[in-house]
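my_file.pdb follows (PDB, C-alpha atoms and all ligand atoms):
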```pdb
ATOM      1  CA  MET A   6    -229.443 -40.833 -36.352
ATOM      2  CA  ILE A   7    -225.967 -42.325 -35.949
ATOM      3  CA  ILE A   8    -224.790 -43.577 -39.339
ATOM      4  CA  ARG A   9    -222.343 -46.457 -39.518
ATOM      5  CA  TYR A  10    -220.722 -46.911 -42.912
ATOM      6  CA  VAL A  11    -219.856 -50.513 -43.725
ATOM      7  CA  THR A  12    -217.686 -51.354 -46.742
ATOM      8  CA  GLY A  13    -215.781 -54.283 -48.193
ATOM      9  CA  LEU A  14    -218.355 -56.893 -47.260
ATOM     10  CA  HIS A  15    -217.349 -58.315 -50.623
ATOM     11  CA  GLY A  16    -213.571 -58.091 -51.071
ATOM     12  CA  ASN A  17    -213.674 -57.228 -54.776
ATOM     13  CA  GLU A  18    -215.708 -54.040 -54.126
ATOM     14  CA  ILE A  19    -212.883 -51.635 -53.468
ATOM     15  CA  ALA A  20    -214.089 -48.251 -54.758
ATOM     16  CA  PRO A  21    -216.461 -47.416 -51.858
ATOM     17  CA  ILE A  22    -213.685 -48.094 -49.323
ATOM     18  CA  LEU A  23    -211.358 -45.600 -50.988
ATOM     19  CA  ALA A  24    -214.157 -43.117 -51.604
ATOM     20  CA  LEU A  25    -215.033 -42.939 -47.898
ATOM     21  CA  ALA A  26    -211.373 -42.895 -46.888
ATOM     22  CA  SER A  27    -210.748 -39.986 -49.264
ATOM     23  CA  LEU A  28    -213.564 -38.065 -47.574
ATOM     24  CA  GLY A  29    -212.074 -38.720 -44.148
ATOM     25  CA  LYS A  30    -215.120 -40.705 -43.062
ATOM     26  CA  ASN A  31    -215.035 -43.550 -40.607
ATOM     27  CA  GLN A  32    -215.953 -46.960 -41.924
ATOM     28  CA  LEU A  33    -216.069 -50.555 -40.842
ATOM     29  CA  VAL A  34    -214.371 -52.753 -43.458
ATOM     30  CA  ALA A  35    -216.373 -55.940 -43.098
ATOM     31  CA  ASN A  36    -214.194 -58.496 -44.884
ATOM     32  CA  PRO A  37    -210.583 -57.266 -44.697
ATOM     33  CA  LEU A  38    -209.060 -60.628 -45.629
ATOM     34  CA  ALA A  39    -211.043 -60.814 -48.883
ATOM     35  CA  VAL A  40    -210.197 -57.160 -49.618
ATOM     36  CA  THR A  41    -206.508 -57.882 -49.117
ATOM     37  CA  LYS A  42    -206.706 -60.937 -51.366
ATOM     38  CA  LYS A  43    -208.828 -58.997 -53.916
ATOM     39  CA  VAL A  44    -211.483 -61.743 -53.972
ATOM     40  CA  ARG A  45    -215.240 -61.568 -53.355
ATOM     41  CA  TYR A  46    -214.907 -63.884 -50.359
ATOM     42  CA  VAL A  47    -212.415 -66.265 -48.783
ATOM     43  CA  GLU A  48    -214.638 -69.188 -47.732
ATOM     44  CA  ARG A  49    -218.234 -68.105 -48.296
ATOM     45  CA  ASP A  50    -220.285 -65.105 -49.363
ATOM     46  CA  MET A  51    -220.289 -62.931 -46.273
ATOM     47  CA  ASN A  52    -223.656 -61.396 -47.046
ATOM     48  CA  VAL A  53    -225.301 -64.775 -46.408
ATOM     49  CA  ALA A  54    -223.172 -65.451 -43.306
ATOM     50  CA  PHE A  55    -224.772 -63.221 -40.655
ATOM     51  CA  GLY A  56    -226.427 -65.144 -37.857
ATOM     52  CA  LEU A  57    -224.832 -68.460 -38.850
ATOM     53  CA  GLU A  58    -222.672 -70.772 -36.772
ATOM     54  CA  GLY A  59    -219.445 -72.247 -38.086
ATOM     55  CA  ASN A  60    -215.695 -71.936 -38.398
ATOM     56  CA  GLU A  61    -215.495 -70.334 -41.817
ATOM     57  CA  TYR A  62    -213.723 -66.996 -41.910
ATOM     58  CA  GLU A  63    -216.769 -65.035 -43.079
ATOM     59  CA  VAL A  64    -219.065 -66.592 -40.459
ATOM     60  CA  GLN A  65    -216.611 -65.674 -37.707
ATOM     61  CA  ARG A  66    -216.034 -62.222 -39.131
ATOM     62  CA  ALA A  67    -219.793 -61.618 -39.464
ATOM     63  CA  LYS A  68    -220.096 -62.217 -35.711
ATOM     64  CA  GLU A  69    -217.347 -59.692 -34.984
ATOM     65  CA  VAL A  70    -218.982 -57.140 -37.281
ATOM     66  CA  LEU A  71    -222.311 -57.485 -35.458
ATOM     67  CA  GLN A  72    -220.518 -57.021 -32.129
ATOM     68  CA  GLN A  73    -218.915 -53.850 -33.462
ATOM     69  CA  ILE A  74    -222.197 -52.276 -34.575
ATOM     70  CA  ASP A  75    -224.309 -50.873 -31.795
ATOM     71  CA  SER A  76    -228.003 -51.636 -32.268
ATOM     72  CA  ARG A  77    -228.716 -47.884 -31.996
ATOM     73  CA  GLU A  78    -226.596 -47.217 -35.070
ATOM     74  CA  THR A  79    -227.993 -47.179 -38.604
ATOM     75  CA  VAL A  80    -225.971 -49.074 -41.181
ATOM     76  CA  VAL A  81    -225.221 -47.757 -44.658
ATOM     77  CA  ASP A  82    -223.600 -50.780 -46.298
ATOM     78  CA  LEU A  83    -221.838 -49.873 -49.554
ATOM     79  CA  HIS A  84    -221.432 -52.236 -52.507
ATOM     80  CA  THR A  85    -220.610 -52.301 -56.210
ATOM     81  CA  PHE A  86    -221.926 -54.805 -58.744
ATOM     82  CA  ALA A  87    -220.945 -56.833 -61.817
ATOM     83  CA  GLY A  88    -223.976 -56.313 -64.083
ATOM     84  CA  LYS A  89    -225.414 -53.384 -66.008
ATOM     85  CA  SER A  90    -227.801 -51.418 -63.840
ATOM     86  CA  GLU A  91    -228.633 -48.039 -62.502
ATOM     87  CA  PRO A  92    -227.492 -47.608 -58.913
ATOM     88  CA  PHE A  93    -230.042 -48.692 -56.322
ATOM     89  CA  VAL A  94    -230.698 -49.006 -52.626
ATOM     90  CA  ILE A  95    -231.775 -52.274 -50.973
ATOM     91  CA  VAL A  96    -234.057 -52.384 -47.940
ATOM     92  CA  VAL A  97    -235.438 -55.445 -46.164
ATOM     93  CA  ASP A  98    -237.740 -53.452 -43.906
ATOM     94  CA  LYS A  99    -240.299 -50.901 -45.074
ATOM     95  CA  LYS A 100    -239.315 -48.665 -42.152
ATOM     96  CA  MET A 101    -235.992 -48.030 -43.883
ATOM     97  CA  LEU A 102    -237.621 -46.422 -46.944
ATOM     98  CA  LYS A 103    -237.407 -42.998 -45.296
ATOM     99  CA  LEU A 104    -233.665 -43.401 -44.944
ATOM    100  CA  ALA A 105    -233.412 -44.738 -48.513
ATOM    101  CA  ALA A 106    -235.143 -41.577 -49.752
ATOM    102  CA  LYS A 107    -232.453 -39.397 -48.182
ATOM    103  CA  LEU A 108    -229.562 -40.873 -50.149
ATOM    104  CA  GLY A 109    -230.222 -39.237 -53.519
ATOM    105  CA  ILE A 110    -230.543 -42.575 -55.327
ATOM    106  CA  ARG A 111    -233.879 -42.938 -57.034
ATOM    107  CA  LYS A 112    -234.341 -46.685 -57.333
ATOM    108  CA  VAL A 113    -235.043 -48.713 -54.226
ATOM    109  CA  VAL A 114    -235.384 -52.499 -54.134
ATOM    110  CA  TYR A 115    -237.506 -53.758 -51.269
ATOM    111  CA  MET A 116    -236.618 -57.384 -50.506
ATOM    112  CA  LYS A 117    -239.882 -58.635 -49.159
ATOM    113  CA  PHE A 118    -239.077 -62.011 -50.649
ATOM    114  CA  ASN A 119    -235.620 -62.529 -49.198
ATOM    115  CA  PRO A 120    -233.383 -64.688 -51.355
ATOM    116  CA  LYS A 121    -230.633 -64.475 -48.747
ATOM    117  CA  GLN A 122    -232.958 -66.025 -46.170
ATOM    118  CA  GLY A 123    -232.234 -63.548 -43.464
ATOM    119  CA  HIS A 124    -228.452 -63.809 -43.402
ATOM    120  CA  ALA A 125    -227.499 -60.449 -44.895
ATOM    121  CA  LEU A 126    -226.070 -57.700 -42.671
ATOM    122  CA  ILE A 127    -229.233 -55.576 -42.964
ATOM    123  CA  ASN A 128    -231.317 -58.477 -41.687
ATOM    124  CA  HIS A 129    -229.402 -58.142 -38.413
ATOM    125  CA  ARG A 130    -228.921 -54.406 -38.048
ATOM    126  CA  LYS A 131    -231.213 -51.596 -39.114
ATOM    127  CA  GLY A 132    -230.101 -49.849 -42.267
ATOM    128  CA  VAL A 133    -229.756 -50.068 -46.020
ATOM    129  CA  SER A 134    -227.391 -51.558 -48.568
ATOM    130  CA  VAL A 135    -226.442 -49.381 -51.507
ATOM    131  CA  GLU A 136    -225.378 -50.760 -54.887
ATOM    132  CA  LEU A 137    -223.410 -47.794 -56.187
ATOM    133  CA  GLY A 138    -222.342 -48.836 -59.681
ATOM    134  CA  GLN A 139    -220.183 -51.324 -61.525
ATOM    135  CA  HIS A 140    -217.051 -52.567 -59.767
ATOM    136  CA  SER A 141    -214.820 -50.647 -62.181
ATOM    137  CA  ASP A 142    -216.903 -47.452 -62.387
ATOM    138  CA  TYR A 143    -214.565 -45.759 -59.927
ATOM    139  CA  ARG A 144    -215.531 -42.215 -60.857
ATOM    140  CA  GLY A 145    -219.262 -42.825 -60.662
ATOM    141  CA  VAL A 146    -218.908 -44.675 -57.370
ATOM    142  CA  PHE A 147    -216.716 -41.938 -55.853
ATOM    143  CA  GLN A 148    -219.243 -39.273 -56.884
ATOM    144  CA  ARG A 149    -222.175 -41.205 -55.456
ATOM    145  CA  VAL A 150    -220.452 -41.891 -52.134
ATOM    146  CA  LYS A 151    -219.701 -38.185 -51.812
ATOM    147  CA  MET A 152    -223.325 -37.355 -52.655
ATOM    148  CA  ILE A 153    -224.628 -39.829 -50.068
ATOM    149  CA  VAL A 154    -222.396 -38.433 -47.318
ATOM    150  CA  GLU A 155    -223.520 -34.887 -48.133
ATOM    151  CA  ARG A 156    -227.215 -35.768 -48.426
ATOM    152  CA  LEU A 157    -227.238 -37.675 -45.157
ATOM    153  CA  LYS A 158    -225.954 -34.538 -43.457
ATOM    154  CA  LYS A 159    -228.889 -32.577 -44.901
ATOM    155  CA  GLY A 160    -231.481 -35.288 -44.281
ATOM    156  CA  ILE A 161    -233.920 -34.231 -46.994
ATOM    157  CA  GLU A 162    -236.168 -36.942 -48.440
ATOM    158  CA  ASN A 163    -236.280 -37.192 -52.229
ATOM    159  CA  GLU A 164    -238.732 -38.971 -54.468
ATOM    160  CA  ILE A 165    -237.986 -42.683 -54.890
ATOM    161  CA  GLU A 166    -239.236 -45.544 -57.061
ATOM    162  CA  VAL A 167    -239.794 -48.724 -55.089
ATOM    163  CA  TYR A 168    -239.467 -52.195 -56.603
ATOM    164  CA  GLU A 169    -240.800 -54.952 -54.397
ATOM    165  CA  VAL A 170    -239.099 -58.307 -54.933
ATOM    166  CA  ILE A 171    -241.671 -61.085 -55.179
ATOM    167  CA  GLY A 172    -239.606 -63.979 -56.542
ATOM    168  CA  LYS A 173    -236.750 -64.940 -58.820
ATOM    169  CA  TYR A 174    -236.104 -65.865 -62.429
ATOM    170  CA  ASP A 175    -234.785 -69.422 -62.690
ATOM    171  CA  LYS A 176    -234.892 -69.509 -66.472
ATOM    172  CA  GLY A 177    -232.182 -67.989 -68.647
ATOM    173  CA  GLU A 178    -233.425 -65.076 -70.769
ATOM    174  CA  LYS A 179    -232.162 -61.620 -71.484
ATOM    175  CA  TYR A 180    -233.062 -59.639 -68.393
ATOM    176  CA  ARG A 181    -232.549 -55.902 -68.248
ATOM    177  CA  ASN A 182    -232.489 -54.379 -64.814
ATOM    178  CA  PHE A 183    -235.396 -52.025 -64.057
ATOM    179  CA  VAL A 184    -236.819 -52.491 -67.567
ATOM    180  CA  LYS A 185    -240.273 -54.092 -67.654
ATOM    181  CA  ASN A 186    -240.058 -57.722 -68.751
ATOM    182  CA  ALA A 187    -242.577 -59.464 -71.064
ATOM    183  CA  ASP A 188    -244.327 -60.875 -67.962
ATOM    184  CA  GLY A 189    -245.000 -57.376 -66.633
ATOM    185  CA  TYR A 190    -242.459 -57.597 -63.810
ATOM    186  CA  TYR A 191    -239.111 -55.869 -63.421
ATOM    187  CA  PRO A 192    -235.839 -57.820 -63.262
ATOM    188  CA  VAL A 193    -233.414 -56.556 -60.625
ATOM    189  CA  LEU A 194    -229.902 -57.755 -59.724
ATOM    190  CA  ALA A 195    -229.547 -59.459 -63.116
ATOM    191  CA  SER A 196    -225.983 -59.967 -64.337
ATOM    192  CA  LYS A 197    -223.948 -62.477 -66.293
ATOM    193  CA  LYS A 198    -222.533 -63.626 -62.982
ATOM    194  CA  ALA A 199    -225.855 -63.818 -61.127
ATOM    195  CA  LEU A 200    -226.324 -67.543 -61.671
ATOM    196  CA  GLU A 201    -222.799 -68.313 -60.526
ATOM    197  CA  ILE A 202    -223.018 -65.991 -57.513
ATOM    198  CA  HIS A 203    -226.643 -66.415 -56.423
ATOM    199  CA  GLY A 204    -228.102 -69.449 -58.212
ATOM    200  CA  TRP A 205    -230.718 -67.417 -60.138
ATOM    201  CA  TYR A 206    -230.666 -65.200 -63.219
ATOM    202  CA  ALA A 207    -232.413 -62.208 -61.721
ATOM    203  CA  LEU A 208    -234.886 -61.289 -59.029
ATOM    204  CA  LYS A 209    -238.444 -60.536 -60.061
ATOM    205  CA  ALA A 210    -239.968 -57.317 -58.761
ATOM    206  CA  ARG A 211    -243.127 -55.309 -59.122
ATOM    207  CA  LYS A 212    -243.107 -51.543 -59.118
ATOM    208  CA  VAL A 213    -245.131 -50.256 -56.209
ATOM    209  CA  THR A 214    -246.645 -46.893 -55.579
ATOM    210  CA  ASN A 215    -248.559 -47.715 -52.431
ATOM    211  CA  LEU A 216    -246.626 -49.747 -49.918
ATOM    212  CA  ASN A 217    -249.347 -50.193 -47.353
ATOM    213  CA  PRO A 218    -250.166 -53.883 -46.928
TER
HETATM  214 ZN    ZN A 301    -221.400 -56.636 -52.708
END
```
Re-express the file's structure as structure tokens.
Ligand SMILES: [Zn+2]
Amino acid sequence: MIIRYVTGLHGNEIAPILALASLGKNQLVANPLAVTKKVRYVERDMNVAFGLEGNEYEVQRAKEVLQQIDSRETVVDLHTFAGKSEPFVIVVDKKMLKLAAKLGIRKVVYMKFNPKQGHALINHRKGVSVELGQHSDYRGVFQRVKMIVERLKKGIENEIEVYEVIGKYDKGEKYRNFVKNADGYYPVLASKKALEIHGWYALKARKVTNLNP
């Protein structure tokens, strides 16, 4: 498996870039202009810009990024987040669960219901996105990036918990990530900024033990 690390898809998520650089690992910095400006994006959220047409910086850059990633490569796309949550892996394809299990991160969010409507990087290249920790949790993020690099070398699958996204929460309540809500489902990707960034309060997931359809 040829791993391709992708970082800086959101320009305000700096720690994974430096963590990989400090380990001497190659990486593709997806949104260098936003990173330089220290903003999440310049014209539009790049992780909903893959496969689109247009003149916006992120749309153009998304095209270049796809050209730079060989379809034989497997993407490990590293992010940090604003809310309070345990780290987690995101997959959009069940086939990527095996890879997710090798990273050493227990919680895996399977986006069966895709709120990004197919325009995220991992909708266009095989691989996973990893949400490593809060933007400012530099130490935690550095440690986890190091762990991921080491574990991918070993290739051992660990036990994972899979949360299948089935919808979204449009109503404002107090959502705690990966803690069972009153409705029996699990909120994921909840944060104070979720509404502003995504247009919903949290995604709604069910915990699954058997993923066969
Ligand atoms: Zn991000």
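For Ile110 of chain A, the non-local neighbours within 10 Å, defined as residues at least 5 positions apart in the same chain or in other chains and counting all atoms listed in the file, are Glu91, Pro92, Phe93, Val94, Ala105, Val135, Glu136, Leu137, Arg149, Met152, Ile153, Asn163, Glu164, Ile165 and Glu166 of chain A.
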- Message: Using the chain letters and numbers from this file, what does the PyMOL selection byres (((not hetatm)) within 6 of (chain A and resi 301)) select? Give the answer as number ranges by chain.
- Response: A: 15, 84-85
- Task: Could you tell me which of A:Gln72, A:Gln32, A:Ser27, A:Asn17 comes closest to Asp50 of chain A if we count all atoms listed in the file?
- Result: A:Asn17
Let me know the centre plus edge lengths, in Å and rounded to one decimal, of a box with edges along x, y and z that contains all listed atoms of segment 62-68 of chain A and is padded by 4 Å on every side, as AutoDock Vina command-line options.
```
--center_x -216.9 --center_y -64.3 --center_z -39.4 --size_x 14.4 --size_y 13.4 --size_z 15.4
```
- Task: Given the file shown, enumerate the residues that the PyMOL selection byres (((chain A and resi 16) around 12) and not hetatm) captures and present them as a PyMOL selection string.
- Result: chain A and resi 12-15+17-22+34-52+63+83-86+140
- Do you know which residues the PyMOL selection byres (((chain A and resi 162) around 10) and not hetatm) returns on this file, as a list in words? Leu102, Lys103, Leu104, Ala105, Ala106, Lys107, Leu108, Gly109, Arg156, Leu157, Lys159, Gly160, Ile161, Asn163, Glu164 and Ile165 of chain A
Tell me, counting all atoms listed in the file, for each residue of segment 40-101 of chain A within 9 Å of segment 199-218 of chain A, which pair of atoms is nearest and how far apart they are in Å to one decimal, in rows ordered by chain and increasing number, as JSON lines.
```
{"residue": "A:Asp50", "atom": "CA", "partner": "A:Ile202", "partner_atom": "CA", "distance": 8.6}
{"residue": "A:Ala87", "atom": "CA", "partner": "A:Ala199", "partner_atom": "CA", "distance": 8.6}
{"residue": "A:Gly88", "atom": "CA", "partner": "A:Ala199", "partner_atom": "CA", "distance": 8.3}
{"residue": "A:Lys99", "atom": "CA", "partner": "A:Leu216", "partner_atom": "CA", "distance": 8.1}
```
- Task: Please indicate the distance in Å from atom CA of Ile74 of chain A to atom CA of Gln122 of chain A, rounded to one decimal place.
- Result: 21.0 Å
- Message: At a cut-off of 8 Å, using all atoms listed in the file, what residues contact Ser90 of chain A? Leave out same-chain residues fewer than 2 positions from it and give the result as a PyMOL selection string.
- Response: chain A and resi 88+92+138-139+181-183+194
May I have the residues within 8 Å of Gly56 of chain A as an mmCIF file with C-alpha atoms, keeping the file's coordinate frame, using only C-alpha atoms and disregarding those fewer than 6 positions away in the same chain?
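File around_16.cif, as written:
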```cif
data_model
loop_
_atom_site.group_PDB
_atom_site.id
_atom_site.type_symbol
_atom_site.label_atom_id
_atom_site.label_comp_id
_atom_site.auth_asym_id
_atom_site.auth_seq_id
_atom_site.Cartn_x
_atom_site.Cartn_y
_atom_site.Cartn_z
ATOM 1 C CA VAL A 64 -219.065 -66.592 -40.459
ATOM 2 C CA ALA A 67 -219.793 -61.618 -39.464
ATOM 3 C CA LYS A 68 -220.096 -62.217 -35.711
ATOM 4 C CA HIS A 124 -228.452 -63.809 -43.402
ATOM 5 C CA HIS A 129 -229.402 -58.142 -38.413
#
```
- Message: Between atom CA of Arg66 of chain A and atom CA of Ala26 of chain A, what distance in Å does the model show, to one decimal?
- Response: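 If I compute the distance from atom CA of Arg66 of chain A to atom CA of Ala26 of chain A, I get 21.3 Å.
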- Task: Have a look at atom CA of Gln73 of chain A and atom CA of Val11 of chain A and let me know their distance in Å, one decimal.
- Result: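 According to the coordinates, atom CA of Gln73 of chain A and atom CA of Val11 of chain A are separated by 10.8 Å.
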- Task: Could you check which of A:Leu71, A:Leu28, A:Val114, A:Val133 is closest to Leu57 of chain A, using all atoms listed in the file?
- Result: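 With all atoms listed in the file as the atom set, the closest residue is A:Leu71.
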- Choose the residue, out of A:Val193, A:Gly145, A:Asn31, A:Ala54, that has the smallest atom-to-atom separation from Asn128 of chain A; count only C-alpha atoms.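 Using only C-alpha atoms, Asn128 of chain A sits closest to A:Ala54.
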